[in-house]
file data13.pdb (PDB, C-alpha atoms and all ligand atoms)
ATOM      1  CA  MET K  77       0.000   0.000   0.000
ATOM      2  CA  THR K  78       1.121   3.559  -0.653
ATOM      3  CA  ALA K  79       1.788   5.463   2.581
ATOM      4  CA  ILE K  80       2.706   8.869   1.128
ATOM      5  CA  ALA K  81       1.836  10.147  -2.339
ATOM      6  CA  VAL K  82       2.968  13.644  -3.241
ATOM      7  CA  GLU K  83       1.896  14.898  -6.639
ATOM      8  CA  ASN K  84       2.947  18.111  -8.324
ATOM      9  CA  LEU K  85       3.706  19.846  -5.014
ATOM     10  CA  SER K  86       4.913  23.417  -5.431
ATOM     11  CA  LYS K  87       5.366  26.086  -2.799
ATOM     12  CA  ARG K  88       6.322  29.684  -3.238
ATOM     13  CA  PHE K  89       7.173  31.990  -0.328
ATOM     14  CA  PHE K  90       6.960  35.490  -1.788
ATOM     15  CA  ARG K  91       9.911  35.545  -4.170
ATOM     16  CA  ILE K  92      11.375  32.185  -3.182
ATOM     17  CA  GLN K  93      10.274  29.057  -5.028
ATOM     18  CA  ALA K  94      10.904  26.601  -2.182
ATOM     19  CA  LEU K  95       9.392  23.530  -3.919
ATOM     20  CA  SER K  96       8.740  22.918  -7.626
ATOM     21  CA  GLN K  97       6.449  20.161  -8.882
ATOM     22  CA  ILE K  98       7.588  17.542  -6.420
ATOM     23  CA  GLY K  99       6.428  13.996  -7.141
ATOM     24  CA  LEU K 100       7.144  11.344  -4.525
ATOM     25  CA  VAL K 101       5.601   7.989  -3.634
ATOM     26  CA  VAL K 102       6.621   6.127  -0.473
ATOM     27  CA  LYS K 103       5.276   2.619   0.097
ATOM     28  CA  GLU K 104       4.161   1.402   3.497
ATOM     29  CA  GLY K 105       7.132   0.004   5.453
ATOM     30  CA  GLU K 106       9.851   1.816   3.496
ATOM     31  CA  MET K 107      12.677   3.768   5.154
ATOM     32  CA  VAL K 108      13.603   6.593   2.821
ATOM     33  CA  ALA K 109      16.231   9.300   3.198
ATOM     34  CA  LEU K 110      15.719  12.838   1.976
ATOM     35  CA  ILE K 111      18.982  14.620   1.305
ATOM     36  CA  GLY K 112      19.963  17.992  -0.057
ATOM     37  CA  ALA K 113      22.176  20.955   0.652
ATOM     38  CA  SER K 114      21.020  23.706   2.985
ATOM     39  CA  GLY K 115      17.991  25.512   1.547
ATOM     40  CA  SER K 116      17.131  22.743  -0.943
ATOM     41  CA  GLY K 117      13.618  22.375   0.507
ATOM     42  CA  LYS K 118      13.842  19.319   2.815
ATOM     43  CA  SER K 119      12.079  20.918   5.795
ATOM     44  CA  THR K 120       9.462  22.554   3.604
ATOM     45  CA  LEU K 121       8.626  19.210   1.990
ATOM     46  CA  MET K 122       8.460  17.483   5.395
ATOM     47  CA  ARG K 123       6.154  20.185   6.754
ATOM     48  CA  HIS K 124       3.769  19.714   3.838
ATOM     49  CA  ILE K 125       3.696  15.935   4.257
ATOM     50  CA  ALA K 126       3.070  16.448   7.986
ATOM     51  CA  GLY K 127       0.094  18.667   7.154
ATOM     52  CA  LEU K 128       1.638  21.747   8.771
ATOM     53  CA  GLU K 129       1.808  23.752   5.549
ATOM     54  CA  ARG K 130      -0.343  24.049   2.434
ATOM     55  CA  GLY K 131       1.033  23.816  -1.075
ATOM     56  CA  ASP K 132       0.153  26.011  -4.056
ATOM     57  CA  ALA K 133      -2.599  25.369  -6.613
ATOM     58  CA  GLY K 134      -2.159  22.046  -8.400
ATOM     59  CA  SER K 135      -0.506  20.349  -5.420
ATOM     60  CA  HIS K 136      -1.954  17.101  -4.079
ATOM     61  CA  ILE K 137      -0.815  15.022  -1.096
ATOM     62  CA  ARG K 138      -2.414  11.730  -0.084
ATOM     63  CA  ILE K 139      -1.712   9.724   3.060
ATOM     64  CA  PHE K 140      -2.716   6.054   2.821
ATOM     65  CA  GLY K 141      -4.824   6.917  -0.204
ATOM     66  CA  GLU K 142      -6.796   9.733   1.456
ATOM     67  CA  THR K 143      -6.409  13.329   0.381
ATOM     68  CA  GLN K 144      -4.540  15.269   3.064
ATOM     69  CA  GLN K 145      -4.431  18.438   0.992
ATOM     70  CA  ARG K 146      -5.224  19.496  -2.538
ATOM     71  CA  ASP K 147      -4.875  22.843  -4.308
ATOM     72  CA  GLY K 148      -3.864  24.516  -1.043
ATOM     73  CA  LYS K 149      -6.836  23.220   0.970
ATOM     74  CA  PHE K 150      -6.690  20.581   3.661
ATOM     75  CA  GLY K 151      -8.880  17.497   3.157
ATOM     76  CA  ALA K 152     -11.880  16.689   5.368
ATOM     77  CA  ASN K 153     -10.030  13.896   7.173
ATOM     78  CA  MET K 154      -7.012  16.006   8.066
ATOM     79  CA  ARG K 155      -7.200  15.450  11.836
ATOM     80  CA  ALA K 156      -7.197  11.662  11.547
ATOM     81  CA  LEU K 157      -4.371  11.770   9.007
ATOM     82  CA  ARG K 158      -2.274  13.979  11.285
ATOM     83  CA  GLY K 159      -2.763  11.343  13.981
ATOM     84  CA  LYS K 160      -1.246   8.725  11.682
ATOM     85  CA  THR K 161       1.820  10.881  11.072
ATOM     86  CA  GLY K 162       4.380  11.404  13.829
ATOM     87  CA  VAL K 163       6.920  14.185  13.403
ATOM     88  CA  ILE K 164      10.263  14.795  15.045
ATOM     89  CA  PHE K 165      12.451  17.812  14.426
ATOM     90  CA  GLN K 166      16.096  18.643  14.864
ATOM     91  CA  GLN K 167      15.372  20.190  18.274
ATOM     92  CA  PHE K 168      12.598  21.535  20.503
ATOM     93  CA  ASN K 169      10.800  18.198  20.462
ATOM     94  CA  LEU K 170      10.050  17.939  24.174
ATOM     95  CA  ALA K 171       8.577  20.055  26.970
ATOM     96  CA  ALA K 172      11.851  20.586  28.844
ATOM     97  CA  ARG K 173      10.435  20.962  32.357
ATOM     98  CA  LEU K 174       8.194  17.900  32.266
ATOM     99  CA  PRO K 175       9.352  14.352  33.029
ATOM    100  CA  VAL K 176      10.319  12.229  30.048
ATOM    101  CA  ILE K 177       7.374   9.869  30.618
ATOM    102  CA  THR K 178       4.890  12.773  30.477
ATOM    103  CA  ASN K 179       6.389  13.861  27.176
ATOM    104  CA  VAL K 180       5.905  10.340  25.845
ATOM    105  CA  LEU K 181       2.336  10.171  27.217
ATOM    106  CA  VAL K 182       1.514  13.232  25.115
ATOM    107  CA  GLY K 183       1.357  10.685  22.291
ATOM    108  CA  VAL K 184      -1.992   9.329  23.600
ATOM    109  CA  LEU K 185      -3.719  12.733  23.750
ATOM    110  CA  GLY K 186      -5.340  12.249  20.355
ATOM    111  CA  ARG K 187      -7.264   9.170  21.516
ATOM    112  CA  ILE K 188      -8.292   9.861  25.136
ATOM    113  CA  PRO K 189     -11.003  12.237  26.451
ATOM    114  CA  ALA K 190      -9.776  15.846  26.467
ATOM    115  CA  TRP K 191     -10.485  16.304  30.201
ATOM    116  CA  ARG K 192      -8.169  13.418  31.104
ATOM    117  CA  GLY K 193      -5.399  14.854  28.978
ATOM    118  CA  THR K 194      -5.856  18.345  30.430
ATOM    119  CA  LEU K 195      -5.632  17.033  33.981
ATOM    120  CA  GLY K 196      -2.719  14.737  33.121
ATOM    121  CA  LEU K 197      -4.722  11.727  34.360
ATOM    122  CA  PHE K 198      -3.111   8.830  32.584
ATOM    123  CA  THR K 199      -4.014   5.226  33.385
ATOM    124  CA  ARG K 200      -1.528   2.663  34.617
ATOM    125  CA  ALA K 201      -1.826   0.827  31.289
ATOM    126  CA  GLU K 202      -0.947   4.036  29.439
ATOM    127  CA  LYS K 203       2.073   4.574  31.684
ATOM    128  CA  GLU K 204       3.135   0.978  31.075
ATOM    129  CA  ASP K 205       2.873   1.559  27.341
ATOM    130  CA  ALA K 206       4.998   4.699  27.700
ATOM    131  CA  ILE K 207       7.699   2.765  29.563
ATOM    132  CA  ALA K 208       7.541   0.054  26.907
ATOM    133  CA  ALA K 209       8.015   2.685  24.206
ATOM    134  CA  LEU K 210      11.003   4.127  26.102
ATOM    135  CA  SER K 211      12.423   0.601  26.430
ATOM    136  CA  ARG K 212      12.194   0.209  22.687
ATOM    137  CA  VAL K 213      14.522   3.161  22.216
ATOM    138  CA  GLY K 214      16.816   2.137  25.083
ATOM    139  CA  ILE K 215      16.072   4.847  27.669
ATOM    140  CA  ALA K 216      13.404   3.385  29.995
ATOM    141  CA  GLU K 217      15.562   4.236  33.011
ATOM    142  CA  ARG K 218      15.278   7.931  32.168
ATOM    143  CA  ALA K 219      11.467   7.931  32.404
ATOM    144  CA  TRP K 220      11.148  10.063  35.544
ATOM    145  CA  GLN K 221      13.875  12.615  34.786
ATOM    146  CA  ARG K 222      13.033  16.051  33.490
ATOM    147  CA  ALA K 223      13.351  16.084  29.719
ATOM    148  CA  SER K 224      15.863  18.952  29.940
ATOM    149  CA  THR K 225      18.337  16.660  31.727
ATOM    150  CA  LEU K 226      18.586  14.232  28.786
ATOM    151  CA  SER K 227      21.340  14.456  26.195
ATOM    152  CA  GLY K 228      20.385  15.605  22.695
ATOM    153  CA  GLY K 229      20.360  12.042  21.353
ATOM    154  CA  GLN K 230      18.289  10.770  24.287
ATOM    155  CA  GLN K 231      15.795  13.576  23.681
ATOM    156  CA  GLN K 232      15.445  12.487  20.071
ATOM    157  CA  ARG K 233      14.883   8.909  21.180
ATOM    158  CA  ALA K 234      12.219  10.087  23.654
ATOM    159  CA  ALA K 235      10.538  11.880  20.738
ATOM    160  CA  ILE K 236      10.623   8.616  18.766
ATOM    161  CA  ALA K 237       9.027   6.854  21.771
ATOM    162  CA  ARG K 238       6.262   9.475  21.735
ATOM    163  CA  THR K 239       5.462   8.645  18.106
ATOM    164  CA  LEU K 240       5.268   4.938  19.073
ATOM    165  CA  MET K 241       2.816   5.966  21.799
ATOM    166  CA  GLN K 242       0.864   7.933  19.213
ATOM    167  CA  ARG K 243       0.678   4.685  17.161
ATOM    168  CA  SER K 244       1.787   6.637  14.113
ATOM    169  CA  LYS K 245       1.961   4.676  10.900
ATOM    170  CA  ILE K 246       4.379   7.167   9.357
ATOM    171  CA  LEU K 247       7.324   8.861  11.035
ATOM    172  CA  LEU K 248       8.693  12.042   9.514
ATOM    173  CA  ALA K 249      12.066  12.890  11.030
ATOM    174  CA  ASP K 250      13.398  16.275   9.952
ATOM    175  CA  GLU K 251      17.169  16.327  10.431
ATOM    176  CA  PRO K 252      16.935  14.382  13.707
ATOM    177  CA  ILE K 253      20.719  13.929  13.971
ATOM    178  CA  ALA K 254      21.939  17.296  12.703
ATOM    179  CA  SER K 255      23.181  18.561  16.058
ATOM    180  CA  LEU K 256      24.418  15.239  17.495
ATOM    181  CA  ASP K 257      27.861  13.695  17.893
ATOM    182  CA  PRO K 258      28.461  10.581  15.729
ATOM    183  CA  ALA K 259      27.791   8.015  18.498
ATOM    184  CA  SER K 260      24.488   9.651  19.486
ATOM    185  CA  ALA K 261      23.550  10.022  15.833
ATOM    186  CA  ARG K 262      24.056   6.278  15.341
ATOM    187  CA  ARG K 263      21.800   5.455  18.285
ATOM    188  CA  VAL K 264      19.026   7.690  16.971
ATOM    189  CA  MET K 265      19.328   6.166  13.485
ATOM    190  CA  ASP K 266      19.372   2.658  15.058
ATOM    191  CA  ALA K 267      16.143   3.494  16.904
ATOM    192  CA  LEU K 268      14.511   4.699  13.672
ATOM    193  CA  ALA K 269      15.680   1.593  11.792
ATOM    194  CA  ASN K 270      14.394  -0.598  14.611
ATOM    195  CA  ILE K 271      10.849   0.805  14.625
ATOM    196  CA  ASN K 272      10.845   0.635  10.835
ATOM    197  CA  SER K 273      11.840  -3.036  10.676
ATOM    198  CA  SER K 274      10.033  -4.289  13.814
ATOM    199  CA  ASP K 275       6.839  -2.255  13.664
ATOM    200  CA  GLY K 276       6.598  -1.676   9.923
ATOM    201  CA  ILE K 277       6.399   2.090  10.487
ATOM    202  CA  THR K 278       7.146   3.999   7.298
ATOM    203  CA  VAL K 279      10.076   6.369   7.916
ATOM    204  CA  LEU K 280      11.030   9.431   5.908
ATOM    205  CA  VAL K 281      14.149  10.994   7.376
ATOM    206  CA  SER K 282      15.903  14.107   6.143
ATOM    207  CA  LEU K 283      19.645  14.041   6.544
ATOM    208  CA  HIS K 284      22.478  16.375   5.894
ATOM    209  CA  GLN K 285      25.051  13.639   5.474
ATOM    210  CA  VAL K 286      24.629  11.069   2.781
ATOM    211  CA  GLU K 287      26.692   8.452   4.708
ATOM    212  CA  TYR K 288      23.788   7.856   7.077
ATOM    213  CA  ALA K 289      21.466   7.439   4.131
ATOM    214  CA  ARG K 290      23.794   4.842   2.596
ATOM    215  CA  VAL K 291      23.985   2.830   5.824
ATOM    216  CA  TYR K 292      20.384   3.022   7.019
ATOM    217  CA  CYS K 293      18.065   3.740   4.100
ATOM    218  CA  PRO K 294      17.777   1.527   1.020
ATOM    219  CA  ARG K 295      16.349   4.451  -0.956
ATOM    220  CA  THR K 296      17.264   8.140  -1.115
ATOM    221  CA  VAL K 297      15.440  11.090  -2.597
ATOM    222  CA  ALA K 298      17.742  14.027  -3.323
ATOM    223  CA  LEU K 299      16.498  17.608  -3.585
ATOM    224  CA  ARG K 300      18.205  20.565  -5.183
ATOM    225  CA  GLU K 301      16.636  24.005  -5.275
ATOM    226  CA  GLY K 302      13.203  22.579  -4.523
ATOM    227  CA  ARG K 303      13.259  19.852  -7.166
ATOM    228  CA  VAL K 304      13.784  16.098  -6.965
ATOM    229  CA  VAL K 305      17.076  15.462  -8.742
ATOM    230  CA  TYR K 306      17.510  11.796  -7.767
ATOM    231  CA  ASP K 307      15.225   9.059  -6.457
ATOM    232  CA  GLY K 308      16.748   5.612  -6.234
ATOM    233  CA  PRO K 309      19.056   3.232  -4.347
ATOM    234  CA  SER K 310      21.179   4.980  -1.718
ATOM    235  CA  ASP K 311      24.288   2.985  -2.582
ATOM    236  CA  ALA K 312      24.318   4.525  -6.056
ATOM    237  CA  LEU K 313      25.078   7.891  -4.446
ATOM    238  CA  THR K 314      28.828   7.784  -4.809
ATOM    239  CA  ASP K 315      30.872  10.895  -4.066
ATOM    240  CA  ALA K 316      31.387  11.378  -7.813
ATOM    241  CA  PHE K 317      27.645  11.198  -8.455
ATOM    242  CA  LEU K 318      26.977  13.681  -5.640
ATOM    243  CA  THR K 319      29.433  16.092  -7.226
ATOM    244  CA  GLU K 320      27.556  15.673 -10.487
ATOM    245  CA  LEU K 321      24.261  16.454  -8.710
ATOM    246  CA  TYR K 322      25.381  19.281  -6.461
ATOM    247  CA  GLY K 323      28.707  20.586  -7.717
ATOM    248  CA  ALA K 324      30.797  22.195  -4.963
ATOM    249  CA  ALA K 325      27.827  22.059  -2.542
ATOM    250  CA  SER K 326      28.264  18.255  -2.412
ATOM    251  CA  GLU K 327      31.053  18.728   0.162
ATOM    252  CA  GLU K 328      28.386  19.729   2.658
ATOM    253  CA  LEU K 329      26.772  16.303   2.244
ATOM    254  CA  VAL K 330      29.768  14.054   2.806
ATOM    255  CA  LEU K 331      31.357  13.155   6.149
ATOM    256  CA  PRO K 332      35.163  13.210   6.362
ATOM    257  CA  GLN K 333      35.196   9.508   7.389
ATOM    258  CA  ARG K 334      33.131   6.589   6.198
ATOM    259  CA  LEU K 335      30.693   5.006   8.648
ATOM    260  CA  PRO K 336      31.016   1.293   9.362
ATOM    261  CA  VAL K 337      28.568  -0.618   7.191
ATOM    262  CA  LYS K 338      26.689  -2.523   9.905
ATOM    263  CA  PRO K 339      24.390  -0.536  12.199
ATOM    264  CA  GLN K 340      25.052  -1.169  15.892
ATOM    265  CA  ALA K 341      22.294  -2.437  18.180
ATOM    266  CA  ALA K 342      20.460   0.351  19.984
ATOM    267  CA  GLU K 343      21.976   1.072  23.386
ATOM    268  CA  ALA K 344      20.388  -0.939  26.202
ATOM    269  CA  SER K 345      17.428  -1.612  23.976
ATOM    270  CA  ALA K 346      15.004  -4.110  25.514
ATOM    271  CA  SER K 347      14.140  -6.156  22.507
ATOM    272  CA  THR K 348      12.057  -8.986  23.917
ATOM    273  CA  PRO K 349       8.500  -8.543  25.208
ATOM    274  CA  SER K 350       9.453 -10.095  28.577
ATOM    275  CA  ASP K 351      12.287  -7.546  29.031
ATOM    276  CA  VAL K 352       9.812  -4.779  28.318
ATOM    277  CA  ARG K 353       7.242  -6.209  30.803
ATOM    278  CA  GLN K 354       9.896  -6.449  33.517
ATOM    279  CA  ARG K 355      10.916  -2.834  32.986
ATOM    280  CA  GLN K 356       7.300  -1.717  33.228
ATOM    281  CA  LYS K 357       7.038  -3.426  36.637
ATOM    282  CA  ASP K 358      10.345  -2.026  37.855
ATOM    283  CA  LEU K 359       9.795   1.536  36.741
ATOM    284  CA  ILE K 360       6.172   2.359  37.553
ATOM    285  CA  PRO K 361       5.476   3.027  41.233
ATOM    286  CA  ALA K 362       2.607   0.799  42.513
TER
HETATM  287  N1  LIG Q 401       8.265  30.435   5.957
HETATM  288  C1  LIG Q 401       9.134  30.761   4.983
HETATM  289  N2  LIG Q 401       9.125  31.998   4.446
HETATM  290  C2  LIG Q 401       9.973  32.343   3.446
HETATM  291  N3  LIG Q 401      10.888  31.504   2.921
HETATM  292  C3  LIG Q 401      10.946  30.254   3.437
HETATM  293  C4  LIG Q 401      10.080  29.828   4.491
HETATM  294  N4  LIG Q 401      10.377  28.519   4.781
HETATM  295  C5  LIG Q 401      11.386  28.157   3.944
HETATM  296  N5  LIG Q 401      11.734  29.195   3.153
HETATM  297  C6  LIG Q 401      12.776  29.181   2.092
HETATM  298  O1  LIG Q 401      12.549  28.028   1.299
HETATM  299  C7  LIG Q 401      13.806  27.435   0.928
HETATM  300  C8  LIG Q 401      13.861  25.990   1.405
HETATM  301  O2  LIG Q 401      13.992  25.989   2.824
HETATM  302  P1  LIG Q 401      14.032  24.666   3.709
HETATM  303  O3  LIG Q 401      14.096  25.085   5.152
HETATM  304  O4  LIG Q 401      12.937  23.777   3.311
HETATM  305  O5  LIG Q 401      15.430  24.021   3.256
HETATM  306  P2  LIG Q 401      16.244  22.801   3.903
HETATM  307  O6  LIG Q 401      16.692  21.948   2.787
HETATM  308  O7  LIG Q 401      15.418  22.159   4.969
HETATM  309  O8  LIG Q 401      17.477  23.579   4.517
HETATM  310  P3  LIG Q 401      18.377  23.232   5.831
HETATM  311  O9  LIG Q 401      19.128  21.977   5.494
HETATM  312  O10 LIG Q 401      19.274  24.428   5.956
HETATM  313  O11 LIG Q 401      17.424  23.079   6.982
HETATM  314  C9  LIG Q 401      14.881  28.319   1.523
HETATM  315  O12 LIG Q 401      15.321  29.219   0.540
HETATM  316  C10 LIG Q 401      14.170  29.032   2.650
HETATM  317  O13 LIG Q 401      14.773  30.271   2.916
END

call {"tool": "encode", "arguments": {"input": "data13.pdb", "output": "structure tokens"}}
result
Amino acid sequence: MTAIAVENLSKRFFRIQALSQIGLVVKEGEMVALIGASGSGKSTLMRHIAGLERGDAGSHIRIFGETQQRDGKFGANMRALRGKTGVIFQQFNLAARLPVITNVLVGVLGRIPAWRGTLGLFTRAEKEDAIAALSRVGIAERAWQRASTLSGGQQQRAAIARTLMQRSKILLADEPIASLDPASARRVMDALANINSSDGITVLVSLHQVEYARVYCPRTVALREGRVVYDGPSDALTDAFLTELYGAASEELVLPQRLPVKPQAAEASASTPSDVRQRQKDLIPA
């Protein structure tokens, strides 16, 4: 089934043509990288797919076959489609002063009565699910800390746990590793790869460095000046080909060293259901 279908998407901000006639189809269960130099339109495209921005006349975006927006107008089922689409950004993903678990529990707000959400009255089962989601990304032990005390990479993983809690079918990650050191970046990419392969969640991740795309994403879509200039296997993106696509700007997209080919296992990730159950018992006060 098609998860994301973008057809003829254009977006102009005053004098800047940010996106031009973008066409993109992502099948359910794919993990696709979106690359491009600074200003090529990655964030703008992500924001449209997330339903946070409306395209110009002629644009059409469908999520699981349903129109999310067309000709600059949101479709009737927009709210439900937003619920299916989790989004994480480069930063500012979490409410810094609240505990990590509360940030993750925000993921259930779309499917519980508003009064319960407003009062922060979450059930034990919901808290258990939140701990399970944090276990999946390897940071269950951090559940009761304030979000501001987590490292940048841990914060990104907490944001991924929130999208698991939201039961999103699609995860849009807009430069989730841009401000992280290489080890933290690997753990965040491992967590994304893990929810993609284990849960079948469709992942579209924008990246500055093509090395991560080569290691983690079978397919890459490359943007330049708001247009798709490549859509195909990530391992075809050799340095020479990148130079052909981007000229001197390709240097921005290549890391000085190559990454090892095999992704590492996510740090302290509880992979079996019994591990996850045990952590729920240990970490939630009776
Ligand atoms: N709200 C806006 N108003 C005006 N121009 C905008 C707006 N949002 C984006 N742009 C412009 O659209 C173009 C694409 O920006 P976008 O942020 O999508 O690029 P990007 O590939 O995500 O860049 P980066 O890698 O630096 O984040 C840029 O020229 C940017 O200045």

call {"tool": "atom_distance", "arguments": {"input": "data13.pdb", "atom1": "atom CA of K:Ala126", "atom2": "atom CA of K:Gly162"}}
result
7.8 Å

call {"tool": "closest_residue", "arguments": {"input": "data13.pdb", "among": "K:Leu100, K:Ala298, K:Ile80, K:Ile271", "to": "ligand LIG 401 (chain Q)", "atoms": "all atoms listed in the file"}}
result
K:Ala298

call {"tool": "closest_residue", "arguments": {"input": "data13.pdb", "among": "K:Gly228, K:Gly302, K:Pro309, K:Gly214", "to": "ligand LIG 401 (chain Q)", "atoms": "all atoms listed in the file"}}
result
K:Gly302

call {"tool": "closest_residue", "arguments": {"input": "data13.pdb", "among": "K:Thr143, K:Ser227, K:Ser119, K:Thr314", "to": "ligand LIG 401 (chain Q)", "atoms": "only C-alpha atoms and all ligand atoms"}}
result
K:Ser119

call {"tool": "residues_near_ligand", "arguments": {"input": "data13.pdb", "ligand": "ligand LIG 401 (chain Q)", "cutoff": "6 Å", "atoms": "only C-alpha atoms and all ligand atoms", "output": "PyMOL selection string"}}
result
chain K and resi 89+94+112-120

call {"tool": "atom_distance", "arguments": {"input": "data13.pdb", "atom1": "atom CA of K:Arg155", "atom2": "atom CA of K:Leu110"}}
result
25.1 Å

call {"tool": "resolve_selection", "arguments": {"input": "data13.pdb", "expression": "the PyMOL selection byres (((chain K and resi 327) around 12) and not hetatm)", "output": "list in words"}}
result
Gly112, Ala113, Ser114, His284, Gln285, Val286, Asp315, Ala316, Phe317, Leu318, Thr319, Glu320, Leu321, Tyr322, Gly323, Ala324, Ala325, Ser326, Glu328, Leu329, Val330, Leu331 and Pro332 of chain K

call {"tool": "residues_around", "arguments": {"input": "data13.pdb", "residues": "stretch 146-151 of chain K", "least_positions_apart": "3", "cutoff": "6 Å", "atoms": "only C-alpha atoms", "output": "list in words"}}
result
Arg130, Gly131, Asp132, Ala133, Gly134, Ser135, His136, Thr143 and Met154 of chain K

call {"tool": "closest_residue", "arguments": {"input": "data13.pdb", "among": "K:Val279, K:Ile246, K:Ala206, K:Leu313", "to": "K:Asn179", "atoms": "all atoms listed in the file"}}
result
K:Ala206

call {"tool": "atom_distance", "arguments": {"input": "data13.pdb", "atom1": "atom CA of K:Gln97", "atom2": "atom CA of K:Glu142"}}
result
19.8 Å

call {"tool": "closest_residue", "arguments": {"input": "data13.pdb", "among": "K:Ile164, K:Leu256, K:Val176, K:Leu185", "to": "K:Trp220", "atoms": "all atoms listed in the file"}}
result
K:Val176

call {"tool": "residues_around", "arguments": {"input": "data13.pdb", "residues": "K:Ala209", "least_positions_apart": "3", "cutoff": "8 Å", "atoms": "all atoms listed in the file", "output": "compact mmCIF listing (two decimals) with C-alpha atoms, keeping the file's coordinate frame"}}
result
# COMPACT_ATOMS: atom_id res chain seq x y z
CA ASP K 205 2.87 1.56 27.34
CA ALA K 206 5.00 4.70 27.70
CA ARG K 212 12.19 0.21 22.69
CA VAL K 213 14.52 3.16 22.22
CA ALA K 216 13.40 3.38 30.00
CA ALA K 237 9.03 6.85 21.77
CA ARG K 238 6.26 9.48 21.74
CA LEU K 240 5.27 4.94 19.07
CA MET K 241 2.82 5.97 21.80

call {"tool": "axis_aligned_box", "arguments": {"input": "data13.pdb", "around": "stretch 323-331 of chain K", "padding_each_side": "5 Å", "output": "lines of an AutoDock Vina configuration file"}}
result
center_x = 29.1
center_y = 17.7
center_z = -0.8
size_x = 14.6
size_y = 19.0
size_z = 23.9

call {"tool": "residues_around", "arguments": {"input": "data13.pdb", "residues": "K:Pro294", "least_positions_apart": "3", "cutoff": "12 Å", "atoms": "only C-alpha atoms", "output": "list in words"}}
result
Gly105, Glu106, Met107, Val108, Ala109, Leu110, Ala269, Val279, Leu280, Val281, Val286, Glu287, Tyr288, Ala289, Arg290, Val291, Val297, Asp307, Gly308, Pro309, Ser310, Asp311, Ala312 and Leu313 of chain K
